[in-house]
Amino acid sequence: MGPEDLIYDLECGDGTLVIAAAQQQGTRSVCLDTFPRRIREAEARADDAGVRPLIQFNAKDWRDSDLSPATVVVLFSPVQWHYSLRGQLTRQLRPGTRIVSYLPRGRRIRA
């Protein structure tokens, strides 16, 4: 990832990933989280790290969001999200957009 990328972090939590990407690579990001408290935490951490101008924060559900500008989509999610997310990603993302997904250990997705 680099300054030419735009990361969309779905359910960004405290913003650890996008803050690190901004600090290390100058990467721009959009953080989406349904919990306003988590967005406030992430904003404060980005301010402390000096990278707030590179990150847009939205207390919003990713299912109601336009993900099409993303060049990278990141999610650390429960299994059930993968099914609803697959259709949205297929419809909205451009060819070549990278998807980074972490599934907690011991969980499997059936196709």
# chains A, B, ... in the order shown; residues from 1 in each chain; ligands from 1
>>> residues_around(residues="Ile55 in chain A", least_positions_apart="2", cutoff="12 Å", atoms="only C-alpha atoms", output="ChimeraX atom specification")
/A:6-9,12,15-23,26-32,39,42-47,49-53,57-58
>>> select_by_dssp(residues="range 14-105 of chain A", states="alpha helix (DSSP H)", output="PyMOL selection string")
chain A and resi 16-25+36-49+79-92
>>> write_last_selection(atoms="C-alpha atoms", output="compact mmCIF listing (two decimals), in the first residue's frame")
# COMPACT_ATOMS: atom_id res chain seq x y z
CA THR A 16 -4.79 0.84 14.10
CA LEU A 17 -4.36 -0.39 10.53
CA VAL A 18 -5.10 2.85 8.72
CA ILE A 19 -3.08 4.94 11.16
CA ALA A 20 -0.08 2.69 10.57
CA ALA A 21 -0.60 2.87 6.78
CA ALA A 22 -0.78 6.66 6.95
CA GLN A 23 2.34 6.93 9.12
CA GLN A 24 4.45 4.46 7.17
CA GLN A 25 3.27 4.99 3.59
CA PRO A 36 -19.61 6.22 17.20
CA ARG A 37 -17.47 5.61 20.30
CA ARG A 38 -14.99 3.62 18.22
CA ILE A 39 -14.86 6.37 15.60
CA ARG A 40 -14.10 8.95 18.31
CA GLU A 41 -11.30 6.70 19.63
CA ALA A 42 -9.84 6.28 16.14
CA GLU A 43 -10.03 10.02 15.47
CA ALA A 44 -8.20 10.77 18.72
CA ARG A 45 -5.50 8.20 17.90
CA ALA A 46 -5.08 9.66 14.40
CA ASP A 47 -4.80 13.16 15.87
CA ASP A 48 -2.14 11.94 18.34
CA ALA A 49 -0.25 10.25 15.49
CA VAL A 79 -18.43 -15.09 9.32
CA GLN A 80 -21.94 -13.83 8.60
CA TRP A 81 -20.63 -10.57 7.11
CA HIS A 82 -18.76 -12.35 4.36
CA TYR A 83 -21.97 -13.43 2.66
CA SER A 84 -23.61 -10.01 2.58
CA LEU A 85 -20.34 -8.30 1.78
CA ARG A 86 -19.48 -10.51 -1.19
CA GLY A 87 -22.38 -9.18 -3.29
CA GLN A 88 -21.67 -5.57 -2.38
CA LEU A 89 -17.99 -5.91 -3.25
CA THR A 90 -18.77 -7.61 -6.55
CA ARG A 91 -21.17 -4.83 -7.54
CA GLN A 92 -19.15 -1.85 -6.36
>>> atom_distance(atom1="CA of Glu11 in chain A", atom2="CA of Thr34 in chain A")
6.8 Å
>>> select_by_dssp(residues="range 2-97 of chain A", states="strand (DSSP E)", output="ChimeraX atom specification")
/A:6-10,28-33,55-59,72-76
>>> closest_residue(among="A:Pro95, A:Phe76, A:Thr71, A:Tyr102", to="Met1 in chain A", atoms="only C-alpha atoms")
A:Thr71
>>> atom_distance(atom1="CA of Gly96 in chain A", atom2="CA of Gly2 in chain A")
15.0 Å
>>> atom_distance(atom1="CA of Arg63 in chain A", atom2="CA of Asp14 in chain A")
19.5 Å
>>> decode(residues="range 5-62 of chain A", atoms="C-alpha atoms", output="PDB file, in the first residue's frame")
ATOM      1  CA  ASP A   5      -4.065   3.880  -2.557  1.00  0.00           C
ATOM      2  CA  LEU A   6      -7.349   4.560  -0.806  1.00  0.00           C
ATOM      3  CA  ILE A   7      -8.091   2.050   1.950  1.00  0.00           C
ATOM      4  CA  TYR A   8     -11.637   1.443   3.117  1.00  0.00           C
ATOM      5  CA  ASP A   9     -11.489  -0.160   6.567  1.00  0.00           C
ATOM      6  CA  LEU A  10     -14.860  -1.711   7.356  1.00  0.00           C
ATOM      7  CA  GLU A  11     -15.576  -1.711  11.099  1.00  0.00           C
ATOM      8  CA  CYS A  12     -12.265   0.052  11.685  1.00  0.00           C
ATOM      9  CA  GLY A  13     -12.356  -0.104  15.474  1.00  0.00           C
ATOM     10  CA  ASP A  14      -9.570   2.033  16.918  1.00  0.00           C
ATOM     11  CA  GLY A  15      -8.063   2.679  13.483  1.00  0.00           C
ATOM     12  CA  THR A  16      -4.787   0.842  14.101  1.00  0.00           C
ATOM     13  CA  LEU A  17      -4.358  -0.390  10.532  1.00  0.00           C
ATOM     14  CA  VAL A  18      -5.103   2.852   8.718  1.00  0.00           C
ATOM     15  CA  ILE A  19      -3.084   4.940  11.165  1.00  0.00           C
ATOM     16  CA  ALA A  20      -0.078   2.687  10.566  1.00  0.00           C
ATOM     17  CA  ALA A  21      -0.596   2.866   6.780  1.00  0.00           C
ATOM     18  CA  ALA A  22      -0.776   6.662   6.945  1.00  0.00           C
ATOM     19  CA  GLN A  23       2.338   6.931   9.121  1.00  0.00           C
ATOM     20  CA  GLN A  24       4.451   4.463   7.166  1.00  0.00           C
ATOM     21  CA  GLN A  25       3.273   4.990   3.586  1.00  0.00           C
ATOM     22  CA  GLY A  26       1.233   8.199   3.480  1.00  0.00           C
ATOM     23  CA  THR A  27      -1.808   6.153   2.511  1.00  0.00           C
ATOM     24  CA  ARG A  28      -5.248   7.797   2.554  1.00  0.00           C
ATOM     25  CA  SER A  29      -8.120   5.918   4.197  1.00  0.00           C
ATOM     26  CA  VAL A  30     -11.801   5.873   4.991  1.00  0.00           C
ATOM     27  CA  CYS A  31     -12.755   4.304   8.341  1.00  0.00           C
ATOM     28  CA  LEU A  32     -16.290   3.023   8.732  1.00  0.00           C
ATOM     29  CA  ASP A  33     -17.632   1.786  12.048  1.00  0.00           C
ATOM     30  CA  THR A  34     -21.179   1.439  13.317  1.00  0.00           C
ATOM     31  CA  PHE A  35     -20.123   2.450  16.822  1.00  0.00           C
ATOM     32  CA  PRO A  36     -19.613   6.225  17.195  1.00  0.00           C
ATOM     33  CA  ARG A  37     -17.472   5.615  20.303  1.00  0.00           C
ATOM     34  CA  ARG A  38     -14.985   3.624  18.224  1.00  0.00           C
ATOM     35  CA  ILE A  39     -14.861   6.374  15.600  1.00  0.00           C
ATOM     36  CA  ARG A  40     -14.101   8.947  18.313  1.00  0.00           C
ATOM     37  CA  GLU A  41     -11.302   6.703  19.631  1.00  0.00           C
ATOM     38  CA  ALA A  42      -9.843   6.280  16.139  1.00  0.00           C
ATOM     39  CA  GLU A  43     -10.032  10.021  15.468  1.00  0.00           C
ATOM     40  CA  ALA A  44      -8.203  10.774  18.725  1.00  0.00           C
ATOM     41  CA  ARG A  45      -5.505   8.204  17.904  1.00  0.00           C
ATOM     42  CA  ALA A  46      -5.084   9.660  14.397  1.00  0.00           C
ATOM     43  CA  ASP A  47      -4.795  13.157  15.872  1.00  0.00           C
ATOM     44  CA  ASP A  48      -2.145  11.944  18.337  1.00  0.00           C
ATOM     45  CA  ALA A  49      -0.250  10.249  15.489  1.00  0.00           C
ATOM     46  CA  GLY A  50      -0.412  13.379  13.327  1.00  0.00           C
ATOM     47  CA  VAL A  51      -2.131  11.647  10.405  1.00  0.00           C
ATOM     48  CA  ARG A  52      -5.713  12.901  10.821  1.00  0.00           C
ATOM     49  CA  PRO A  53      -5.731  14.762   7.458  1.00  0.00           C
ATOM     50  CA  LEU A  54      -5.161  11.461   5.628  1.00  0.00           C
ATOM     51  CA  ILE A  55      -8.109   9.624   7.198  1.00  0.00           C
ATOM     52  CA  GLN A  56     -11.836  10.215   6.838  1.00  0.00           C
ATOM     53  CA  PHE A  57     -13.941   8.803   9.699  1.00  0.00           C
ATOM     54  CA  ASN A  58     -17.598   7.829   9.384  1.00  0.00           C
ATOM     55  CA  ALA A  59     -19.871   6.420  12.072  1.00  0.00           C
ATOM     56  CA  LYS A  60     -21.784   4.480   9.458  1.00  0.00           C
ATOM     57  CA  ASP A  61     -22.642   0.935   8.450  1.00  0.00           C
ATOM     58  CA  TRP A  62     -20.543  -0.247   5.486  1.00  0.00           C
TER      59      TRP A  62
END
